[in-house]
Amino acid sequence: MNTICVKLRMRKHENKYRKLLSTEEAVYPTLAELVESSLDYAAGAMLENGEWFKITNASQQPYTIDLLEGNFESVDFDSLARSDFRKIDYLFVKNGKTMYFQNVSQSKLASKKRIGSFGESYKYESDSEEIVINEYPDAVYCAETNILYFRKLEPIVGIFKGINDLYREATDDETEQFLQNDFITLKDDYGTADVKTANRKRIALTSKTLLGLSQEDRSNIFHYIGEYCPDLKTKDNTFCVGNEDELKMVLFGIEQRFYTTPVGGEKRIANSVILLNR
């Protein structure tokens, strides 16, 4: 049995969950059908078809929600009133020990005129309201293993508040601080205001990497960047950064994304990195 419920945008202490309906029909594929393989979340990693990121001990994470703690029954929820339709924040479907989540943007809430089919007959509705269900959920929680699965962070940041810290953007201050590092020489009036979202996310990650490096490790990495990006290196052994691509190359270098193939000696960039020893 699939029980379909929604969470409303309401004040913190109000009862924010509502029940829509229960159905024997499958709303989403089963967990086994969805998740062919999974890996621990790695910021910037790219997934193959059938792969999902996972977060273990999900109910103990700082961004958990009360639904993951399992202390509820759908019978405790009031039915959704039509006046609350536009307040829907996200949808969740409970099936045994598995819970599916879908972010519900305003574009997924449709109010329109329509002619609908009901069995062998049709019905005209002047003010039909409906929720568009995606083919796949944005996240799946398995209570038996306490694991949360997802493919992209963006759709679920409104469901699990704070989960975006796993791959957040650097602030203006953090971006400015990074660009002022002594191994960077800015040119062409390039500065904090020119750094876009992708590089800000990379800066947030790379800043943590730099903090964990010894002086010897930093020297080795800067030498490594110079070997793969000789055009960026200056006479003062710094790296010239005057646009987004040049900054990206420096950031990739600090994260050791450059490599040379053992056969053929081709120099390449790893666009995505997943640790093998996890």
# chains A, B, ... in the order shown; residues from 1 in each chain; ligands from 1
$ residues_around --residues "Lys267 in chain A" --least-positions-apart "4" --cutoff "8 Å" --atoms "only C-alpha atoms" --output "ChimeraX atom specification"
/A:228,258-261
$ write_last_selection --atoms "all heavy atoms" --output "mmCIF file, in the first residue's frame"
data_model
loop_
_atom_site.group_PDB
_atom_site.id
_atom_site.type_symbol
_atom_site.label_atom_id
_atom_site.label_comp_id
_atom_site.auth_asym_id
_atom_site.auth_seq_id
_atom_site.Cartn_x
_atom_site.Cartn_y
_atom_site.Cartn_z
ATOM 1 N N TYR A 228 51.345 20.742 -15.592
ATOM 2 C CA TYR A 228 50.185 20.533 -16.453
ATOM 3 C C TYR A 228 49.623 21.833 -17.037
ATOM 4 O O TYR A 228 48.938 21.803 -18.063
ATOM 5 C CB TYR A 228 49.085 19.797 -15.676
ATOM 6 C CG TYR A 228 49.311 18.309 -15.570
ATOM 7 C CD1 TYR A 228 50.014 17.776 -14.502
ATOM 8 C CD2 TYR A 228 48.841 17.446 -16.552
ATOM 9 C CE1 TYR A 228 50.233 16.404 -14.401
ATOM 10 C CE2 TYR A 228 49.051 16.072 -16.465
ATOM 11 C CZ TYR A 228 49.746 15.562 -15.389
ATOM 12 O OH TYR A 228 49.977 14.206 -15.305
ATOM 13 N N PHE A 258 44.477 16.365 -12.565
ATOM 14 C CA PHE A 258 45.252 16.122 -13.782
ATOM 15 C C PHE A 258 45.944 14.763 -13.682
ATOM 16 O O PHE A 258 46.425 14.374 -12.611
ATOM 17 C CB PHE A 258 46.312 17.203 -13.986
ATOM 18 C CG PHE A 258 45.774 18.609 -13.967
ATOM 19 C CD1 PHE A 258 46.380 19.583 -13.191
ATOM 20 C CD2 PHE A 258 44.659 18.960 -14.713
ATOM 21 C CE1 PHE A 258 45.891 20.889 -13.164
ATOM 22 C CE2 PHE A 258 44.159 20.250 -14.691
ATOM 23 C CZ PHE A 258 44.773 21.212 -13.918
ATOM 24 N N TYR A 259 45.993 14.049 -14.797
ATOM 25 C CA TYR A 259 46.709 12.772 -14.794
ATOM 26 C C TYR A 259 47.187 12.460 -16.206
ATOM 27 O O TYR A 259 46.703 13.029 -17.188
ATOM 28 C CB TYR A 259 45.836 11.642 -14.258
ATOM 29 C CG TYR A 259 44.664 11.261 -15.136
ATOM 30 C CD1 TYR A 259 44.727 10.156 -15.990
ATOM 31 C CD2 TYR A 259 43.474 11.997 -15.112
ATOM 32 C CE1 TYR A 259 43.651 9.808 -16.798
ATOM 33 C CE2 TYR A 259 42.394 11.650 -15.916
ATOM 34 C CZ TYR A 259 42.487 10.552 -16.756
ATOM 35 O OH TYR A 259 41.432 10.210 -17.556
ATOM 36 N N THR A 260 48.135 11.555 -16.286
ATOM 37 C CA THR A 260 48.698 11.117 -17.563
ATOM 38 C C THR A 260 48.457 9.629 -17.713
ATOM 39 O O THR A 260 48.723 8.850 -16.786
ATOM 40 C CB THR A 260 50.214 11.396 -17.633
ATOM 41 O OG1 THR A 260 50.443 12.793 -17.449
ATOM 42 C CG2 THR A 260 50.784 10.961 -18.972
ATOM 43 N N THR A 261 47.934 9.215 -18.858
ATOM 44 C CA THR A 261 47.634 7.800 -19.058
ATOM 45 C C THR A 261 48.934 6.994 -19.143
ATOM 46 O O THR A 261 49.917 7.440 -19.744
ATOM 47 C CB THR A 261 46.822 7.589 -20.350
ATOM 48 O OG1 THR A 261 47.578 8.077 -21.461
ATOM 49 C CG2 THR A 261 45.504 8.331 -20.270
#
$ select_by_dssp --residues "range 116-241 of chain A" --states "strand (DSSP E)" --output "JSON, numbers by chain"
{"A": [116, 117, 118, 121, 122, 123, 124, 125, 126, 127, 128, 129, 130, 131, 139, 140, 141, 142, 147, 148, 149, 150, 184, 185, 186, 239, 240, 241]}
$ write_last_selection --atoms "N, CA and C atoms" --output "mmCIF file, in the first residue's frame"
data_model
loop_
_atom_site.group_PDB
_atom_site.id
_atom_site.type_symbol
_atom_site.label_atom_id
_atom_site.label_comp_id
_atom_site.auth_asym_id
_atom_site.auth_seq_id
_atom_site.Cartn_x
_atom_site.Cartn_y
_atom_site.Cartn_z
ATOM 1 N N GLY A 116 -11.215 15.557 -18.490
ATOM 2 C CA GLY A 116 -10.569 14.348 -18.014
ATOM 3 C C GLY A 116 -11.389 13.116 -18.332
ATOM 4 N N SER A 117 -10.692 11.979 -18.511
ATOM 5 C CA SER A 117 -11.392 10.719 -18.775
ATOM 6 C C SER A 117 -11.596 9.981 -17.470
ATOM 7 N N PHE A 118 -12.776 9.456 -17.277
ATOM 8 C CA PHE A 118 -13.120 8.682 -16.091
ATOM 9 C C PHE A 118 -13.798 7.393 -16.570
ATOM 10 N N SER A 121 -16.232 7.445 -19.703
ATOM 11 C CA SER A 121 -16.845 8.759 -19.882
ATOM 12 C C SER A 121 -15.821 9.868 -19.696
ATOM 13 N N TYR A 122 -16.231 11.090 -19.990
ATOM 14 C CA TYR A 122 -15.366 12.259 -19.855
ATOM 15 C C TYR A 122 -16.079 13.306 -19.017
ATOM 16 N N LYS A 123 -15.259 14.151 -18.396
ATOM 17 C CA LYS A 123 -15.830 15.180 -17.524
ATOM 18 C C LYS A 123 -15.084 16.487 -17.722
ATOM 19 N N TYR A 124 -15.838 17.565 -17.877
ATOM 20 C CA TYR A 124 -15.229 18.895 -18.001
ATOM 21 C C TYR A 124 -15.105 19.500 -16.617
ATOM 22 N N GLU A 125 -13.903 20.048 -16.316
ATOM 23 C CA GLU A 125 -13.657 20.700 -15.033
ATOM 24 C C GLU A 125 -13.107 22.083 -15.303
ATOM 25 N N SER A 126 -13.765 23.095 -14.759
ATOM 26 C CA SER A 126 -13.354 24.479 -15.016
ATOM 27 C C SER A 126 -12.218 24.929 -14.118
ATOM 28 N N ASP A 127 -11.991 24.226 -13.018
ATOM 29 C CA ASP A 127 -10.937 24.633 -12.085
ATOM 30 C C ASP A 127 -10.294 23.386 -11.486
ATOM 31 N N SER A 128 -9.606 22.658 -12.327
ATOM 32 C CA SER A 128 -8.973 21.407 -11.903
ATOM 33 C C SER A 128 -7.617 21.696 -11.258
ATOM 34 N N GLU A 129 -7.343 21.026 -10.141
ATOM 35 C CA GLU A 129 -6.052 21.169 -9.473
ATOM 36 C C GLU A 129 -5.382 19.799 -9.432
ATOM 37 N N GLU A 130 -4.113 19.774 -9.802
ATOM 38 C CA GLU A 130 -3.410 18.502 -9.828
ATOM 39 C C GLU A 130 -1.934 18.692 -9.527
ATOM 40 N N ILE A 131 -1.317 17.630 -9.050
ATOM 41 C CA ILE A 131 0.123 17.601 -8.791
ATOM 42 C C ILE A 131 0.760 16.704 -9.844
ATOM 43 N N ALA A 139 14.400 11.796 -3.888
ATOM 44 C CA ALA A 139 15.154 11.107 -2.837
ATOM 45 C C ALA A 139 14.352 9.907 -2.365
ATOM 46 N N VAL A 140 15.064 8.908 -1.857
ATOM 47 C CA VAL A 140 14.432 7.713 -1.301
ATOM 48 C C VAL A 140 15.105 7.406 0.027
ATOM 49 N N TYR A 141 14.275 7.154 1.052
ATOM 50 C CA TYR A 141 14.821 6.811 2.372
ATOM 51 C C TYR A 141 14.423 5.385 2.721
ATOM 52 N N CYS A 142 15.412 4.581 3.102
ATOM 53 C CA CYS A 142 15.176 3.209 3.529
ATOM 54 C C CYS A 142 15.350 3.149 5.043
ATOM 55 N N ILE A 147 19.423 4.723 5.351
ATOM 56 C CA ILE A 147 20.190 5.323 4.249
ATOM 57 C C ILE A 147 19.265 6.198 3.415
ATOM 58 N N LEU A 148 19.745 7.387 3.082
ATOM 59 C CA LEU A 148 19.036 8.292 2.185
ATOM 60 C C LEU A 148 19.731 8.262 0.835
ATOM 61 N N TYR A 149 18.963 8.015 -0.221
ATOM 62 C CA TYR A 149 19.500 7.975 -1.580
ATOM 63 C C TYR A 149 18.999 9.190 -2.366
ATOM 64 N N PHE A 150 19.858 9.736 -3.209
ATOM 65 C CA PHE A 150 19.472 10.834 -4.094
ATOM 66 C C PHE A 150 20.459 10.915 -5.245
ATOM 67 N N ILE A 184 48.455 33.056 -6.253
ATOM 68 C CA ILE A 184 47.614 33.539 -7.347
ATOM 69 C C ILE A 184 47.956 34.981 -7.679
ATOM 70 N N THR A 185 48.109 35.267 -8.959
ATOM 71 C CA THR A 185 48.280 36.636 -9.446
ATOM 72 C C THR A 185 47.105 36.954 -10.357
ATOM 73 N N LEU A 186 46.271 37.897 -9.955
ATOM 74 C CA LEU A 186 45.095 38.266 -10.743
ATOM 75 C C LEU A 186 45.478 39.195 -11.885
ATOM 76 N N PHE A 239 50.405 31.665 -10.151
ATOM 77 C CA PHE A 239 49.568 31.297 -11.290
ATOM 78 C C PHE A 239 48.683 32.470 -11.672
ATOM 79 N N CYS A 240 48.739 32.834 -12.951
ATOM 80 C CA CYS A 240 47.940 33.951 -13.455
ATOM 81 C C CYS A 240 46.491 33.517 -13.612
ATOM 82 N N VAL A 241 45.588 34.296 -13.053
ATOM 83 C CA VAL A 241 44.155 34.014 -13.149
ATOM 84 C C VAL A 241 43.453 35.265 -13.630
#
$ residues_around --residues "range 19-23 of chain A" --least-positions-apart "3" --cutoff "7 Å" --atoms "only C-alpha atoms" --output "list in words"
Met1, Asn2, Thr3, Ile4, Cys5, Val6, Ser74, Phe77, Asp78, Ser79 and Leu80 of chain A
$ residues_around --residues "Lys7 in chain A" --least-positions-apart "6" --cutoff "9 Å" --atoms "only C-alpha atoms" --output "PyMOL selection string"
chain A and resi 16-19+87-92
$ residues_around --residues "Leu68 in chain A" --least-positions-apart "2" --cutoff "8 Å" --atoms "only C-alpha atoms" --output "list in words"
Ala58, Ser59, Thr64, Ile65, Asp66, Gly70, Tyr141 and Ala143 of chain A
$ write_last_selection --atoms "N, CA and C atoms" --output "PDB file, in the first residue's frame"
ATOM      1  N   ALA A  58      21.262   8.442   8.063  1.00  0.00           N
ATOM      2  CA  ALA A  58      20.574   9.665   7.627  1.00  0.00           C
ATOM      3  C   ALA A  58      19.781  10.327   8.751  1.00  0.00           C
ATOM      4  N   SER A  59      19.158   9.531   9.606  1.00  0.00           N
ATOM      5  CA  SER A  59      18.321  10.121  10.656  1.00  0.00           C
ATOM      6  C   SER A  59      19.132  10.802  11.744  1.00  0.00           C
ATOM      7  N   THR A  64      18.522  16.174   9.055  1.00  0.00           N
ATOM      8  CA  THR A  64      17.428  15.215   9.025  1.00  0.00           C
ATOM      9  C   THR A  64      16.092  15.897   9.285  1.00  0.00           C
ATOM     10  N   ILE A  65      15.001  15.202   9.002  1.00  0.00           N
ATOM     11  CA  ILE A  65      13.651  15.699   9.285  1.00  0.00           C
ATOM     12  C   ILE A  65      12.926  14.653  10.119  1.00  0.00           C
ATOM     13  N   ASP A  66      11.859  15.071  10.780  1.00  0.00           N
ATOM     14  CA  ASP A  66      11.168  14.159  11.689  1.00  0.00           C
ATOM     15  C   ASP A  66      10.596  12.932  10.989  1.00  0.00           C
ATOM     16  N   GLY A  70      10.645   8.194  11.931  1.00  0.00           N
ATOM     17  CA  GLY A  70       9.635   7.145  11.928  1.00  0.00           C
ATOM     18  C   GLY A  70       8.571   7.249  12.993  1.00  0.00           C
ATOM     19  N   TYR A 141      14.275   7.154   1.052  1.00  0.00           N
ATOM     20  CA  TYR A 141      14.821   6.811   2.372  1.00  0.00           C
ATOM     21  C   TYR A 141      14.423   5.385   2.721  1.00  0.00           C
ATOM     22  N   ALA A 143      14.242   2.922   5.764  1.00  0.00           N
ATOM     23  CA  ALA A 143      14.295   2.918   7.230  1.00  0.00           C
ATOM     24  C   ALA A 143      15.072   1.718   7.763  1.00  0.00           C
TER      25      ALA A 143
END
$ select_by_dssp --residues "range 61-222 of chain A" --states "helix (DSSP H, G or I)" --output "NGL selection string"
:A and (66-69 or 74-76 or 82-87 or 106-108 or 154-156 or 163-167 or 172-179 or 192-194 or 197-211 or 215-222)
$ closest_atom_pairs --of "range 35-102 of chain A" --to "range 190-210 of chain A" --cutoff "12 Å" --atoms "only C-alpha atoms" --output "tab-separated table"
residue	atom	partner	partner_atom	distance
A:Ala42	CA	A:Leu205	CA	10.6
A:Ala43	CA	A:Leu205	CA	8.1
A:Gly44	CA	A:Arg202	CA	8.3
A:Ala45	CA	A:Arg202	CA	11.9
$ closest_residue --among "A:Leu166, A:Cys229, A:Ile254, A:Ile269" --to "Asp217 in chain A" --atoms "only C-alpha atoms"
A:Ile254
$ closest_residue --among "A:Ala270, A:Leu179, A:Leu251, A:Leu34" --to "Asp138 in chain A" --atoms "only C-alpha atoms"
A:Leu34
$ closest_residue --among "A:Asp231, A:Met46, A:Tyr41, A:Thr98" --to "Tyr167 in chain A" --atoms "only C-alpha atoms"
A:Tyr41
$ atom_distance --atom1 "CA of Ala26 in chain A" --atom2 "CA of Lys97 in chain A"
14.9 Å
$ atom_distance --atom1 "CA of Phe72 in chain A" --atom2 "CA of Glu25 in chain A"
22.5 Å
$ residues_around --residues "Asn49 in chain A" --least-positions-apart "6" --cutoff "10 Å" --atoms "only C-alpha atoms" --output "list in words"
Leu34, Val35, Glu36 and Ser37 of chain A
$ write_last_selection --atoms "all heavy atoms" --output "PDB file, in the first residue's frame"
ATOM      1  N   LEU A  34      15.097   1.200  -8.652  1.00  0.00           N
ATOM      2  CA  LEU A  34      15.704   2.524  -8.818  1.00  0.00           C
ATOM      3  C   LEU A  34      17.214   2.493  -8.649  1.00  0.00           C
ATOM      4  O   LEU A  34      17.961   3.018  -9.476  1.00  0.00           O
ATOM      5  CB  LEU A  34      15.104   3.506  -7.801  1.00  0.00           C
ATOM      6  CG  LEU A  34      13.706   4.033  -8.051  1.00  0.00           C
ATOM      7  CD1 LEU A  34      13.204   4.788  -6.827  1.00  0.00           C
ATOM      8  CD2 LEU A  34      13.695   4.955  -9.267  1.00  0.00           C
ATOM      9  N   VAL A  35      17.661   1.895  -7.548  1.00  0.00           N
ATOM     10  CA  VAL A  35      19.074   1.977  -7.156  1.00  0.00           C
ATOM     11  C   VAL A  35      19.796   0.697  -7.553  1.00  0.00           C
ATOM     12  O   VAL A  35      19.761  -0.303  -6.830  1.00  0.00           O
ATOM     13  CB  VAL A  35      19.211   2.224  -5.639  1.00  0.00           C
ATOM     14  CG1 VAL A  35      20.688   2.387  -5.264  1.00  0.00           C
ATOM     15  CG2 VAL A  35      18.418   3.467  -5.221  1.00  0.00           C
ATOM     16  N   GLU A  36      20.435   0.738  -8.712  1.00  0.00           N
ATOM     17  CA  GLU A  36      21.218  -0.413  -9.157  1.00  0.00           C
ATOM     18  C   GLU A  36      22.535  -0.493  -8.401  1.00  0.00           C
ATOM     19  O   GLU A  36      23.026  -1.575  -8.097  1.00  0.00           O
ATOM     20  CB  GLU A  36      21.470  -0.319 -10.665  1.00  0.00           C
ATOM     21  CG  GLU A  36      20.199  -0.380 -11.505  1.00  0.00           C
ATOM     22  CD  GLU A  36      20.469  -0.218 -12.984  1.00  0.00           C
ATOM     23  OE1 GLU A  36      21.665  -0.260 -13.380  1.00  0.00           O
ATOM     24  OE2 GLU A  36      19.507  -0.043 -13.755  1.00  0.00           O
ATOM     25  N   SER A  37      23.113   0.669  -8.114  1.00  0.00           N
ATOM     26  CA  SER A  37      24.323   0.742  -7.294  1.00  0.00           C
ATOM     27  C   SER A  37      24.358   2.109  -6.635  1.00  0.00           C
ATOM     28  O   SER A  37      23.686   3.045  -7.079  1.00  0.00           O
ATOM     29  CB  SER A  37      25.591   0.519  -8.138  1.00  0.00           C
ATOM     30  OG  SER A  37      25.722   1.542  -9.116  1.00  0.00           O
TER      31      SER A  37
END
$ atom_distance --atom1 "CA of Pro62 in chain A" --atom2 "CA of Phe160 in chain A"
9.2 Å
$ decode --residues "range 241-269 of chain A" --atoms "N, CA, C and O atoms" --output "short mmCIF file (atom, residue, chain, number, x, y, z; two decimals), in the first residue's frame"
data_model
loop_
_atom_site.label_atom_id
_atom_site.label_comp_id
_atom_site.auth_asym_id
_atom_site.auth_seq_id
_atom_site.Cartn_x
_atom_site.Cartn_y
_atom_site.Cartn_z
N VAL A 241 45.59 34.30 -13.05
CA VAL A 241 44.15 34.01 -13.15
C VAL A 241 43.45 35.27 -13.63
O VAL A 241 43.43 36.28 -12.93
N GLY A 242 42.88 35.19 -14.85
CA GLY A 242 42.19 36.34 -15.39
C GLY A 242 40.81 36.03 -15.92
O GLY A 242 40.13 36.90 -16.44
N ASN A 243 40.39 34.76 -15.76
CA ASN A 243 39.05 34.38 -16.20
C ASN A 243 38.64 33.09 -15.50
O ASN A 243 39.42 32.48 -14.75
N GLU A 244 37.41 32.67 -15.77
CA GLU A 244 36.86 31.50 -15.10
C GLU A 244 37.60 30.21 -15.44
O GLU A 244 37.81 29.36 -14.58
N ASP A 245 38.01 30.04 -16.68
CA ASP A 245 38.70 28.82 -17.08
C ASP A 245 40.05 28.69 -16.39
O ASP A 245 40.44 27.60 -15.96
N GLU A 246 40.78 29.81 -16.29
CA GLU A 246 42.08 29.76 -15.63
C GLU A 246 41.94 29.46 -14.14
O GLU A 246 42.72 28.69 -13.58
N LEU A 247 40.92 30.04 -13.51
CA LEU A 247 40.68 29.74 -12.10
C LEU A 247 40.30 28.27 -11.94
O LEU A 247 40.77 27.59 -11.01
N LYS A 248 39.47 27.76 -12.83
CA LYS A 248 39.06 26.36 -12.77
C LYS A 248 40.28 25.44 -12.85
O LYS A 248 40.35 24.43 -12.12
N MET A 249 41.23 25.75 -13.71
CA MET A 249 42.41 24.90 -13.86
C MET A 249 43.25 24.88 -12.58
O MET A 249 43.77 23.84 -12.17
N VAL A 250 43.38 26.04 -11.94
CA VAL A 250 44.10 26.09 -10.67
C VAL A 250 43.39 25.25 -9.61
O VAL A 250 44.00 24.48 -8.86
N LEU A 251 42.07 25.38 -9.55
CA LEU A 251 41.28 24.63 -8.58
C LEU A 251 41.36 23.13 -8.86
O LEU A 251 41.50 22.32 -7.92
N PHE A 252 41.27 22.74 -10.11
CA PHE A 252 41.41 21.33 -10.47
C PHE A 252 42.79 20.81 -10.08
O PHE A 252 42.94 19.66 -9.65
N GLY A 253 43.79 21.65 -10.25
CA GLY A 253 45.14 21.24 -9.90
C GLY A 253 45.30 20.99 -8.41
O GLY A 253 45.91 20.00 -8.00
N ILE A 254 44.74 21.85 -7.59
CA ILE A 254 44.82 21.67 -6.14
C ILE A 254 44.11 20.39 -5.72
O ILE A 254 44.53 19.70 -4.79
N GLU A 255 43.05 20.05 -6.44
CA GLU A 255 42.33 18.80 -6.14
C GLU A 255 42.95 17.60 -6.87
O GLU A 255 42.40 16.50 -6.82
N GLN A 256 44.08 17.83 -7.55
CA GLN A 256 44.84 16.77 -8.25
C GLN A 256 43.98 16.03 -9.27
O GLN A 256 43.94 14.81 -9.31
N ARG A 257 43.33 16.82 -10.12
CA ARG A 257 42.46 16.25 -11.16
C ARG A 257 43.23 15.93 -12.44
O ARG A 257 42.67 15.35 -13.36
N PHE A 258 44.48 16.37 -12.57
CA PHE A 258 45.25 16.12 -13.78
C PHE A 258 45.94 14.76 -13.68
O PHE A 258 46.42 14.37 -12.61
N TYR A 259 45.99 14.05 -14.80
CA TYR A 259 46.71 12.77 -14.79
C TYR A 259 47.19 12.46 -16.21
O TYR A 259 46.70 13.03 -17.19
N THR A 260 48.13 11.56 -16.29
CA THR A 260 48.70 11.12 -17.56
C THR A 260 48.46 9.63 -17.71
O THR A 260 48.72 8.85 -16.79
N THR A 261 47.93 9.21 -18.86
CA THR A 261 47.63 7.80 -19.06
C THR A 261 48.93 6.99 -19.14
O THR A 261 49.92 7.44 -19.74
N PRO A 262 48.95 5.80 -18.51
CA PRO A 262 50.18 4.98 -18.55
C PRO A 262 50.49 4.46 -19.94
O PRO A 262 51.65 4.21 -20.26
N VAL A 263 49.46 4.29 -20.76
CA VAL A 263 49.67 3.86 -22.15
C VAL A 263 49.28 5.02 -23.07
O VAL A 263 48.16 5.49 -23.05
N GLY A 264 50.23 5.50 -23.81
CA GLY A 264 49.98 6.61 -24.73
C GLY A 264 50.43 7.95 -24.18
O GLY A 264 50.66 8.89 -24.94
N GLY A 265 50.54 8.05 -22.85
CA GLY A 265 51.04 9.28 -22.25
C GLY A 265 50.17 10.50 -22.48
O GLY A 265 50.65 11.62 -22.51
N GLU A 266 48.86 10.29 -22.62
CA GLU A 266 47.95 11.43 -22.82
C GLU A 266 47.69 12.15 -21.50
O GLU A 266 47.44 11.52 -20.48
N LYS A 267 47.76 13.47 -21.55
CA LYS A 267 47.45 14.27 -20.38
C LYS A 267 45.95 14.56 -20.37
O LYS A 267 45.40 15.03 -21.37
N ARG A 268 45.30 14.28 -19.25
CA ARG A 268 43.85 14.41 -19.16
C ARG A 268 43.43 15.10 -17.87
O ARG A 268 44.24 15.25 -16.94
N ILE A 269 42.15 15.49 -17.83
CA ILE A 269 41.54 16.06 -16.63
C ILE A 269 40.41 15.15 -16.19
O ILE A 269 39.56 14.77 -16.99
#
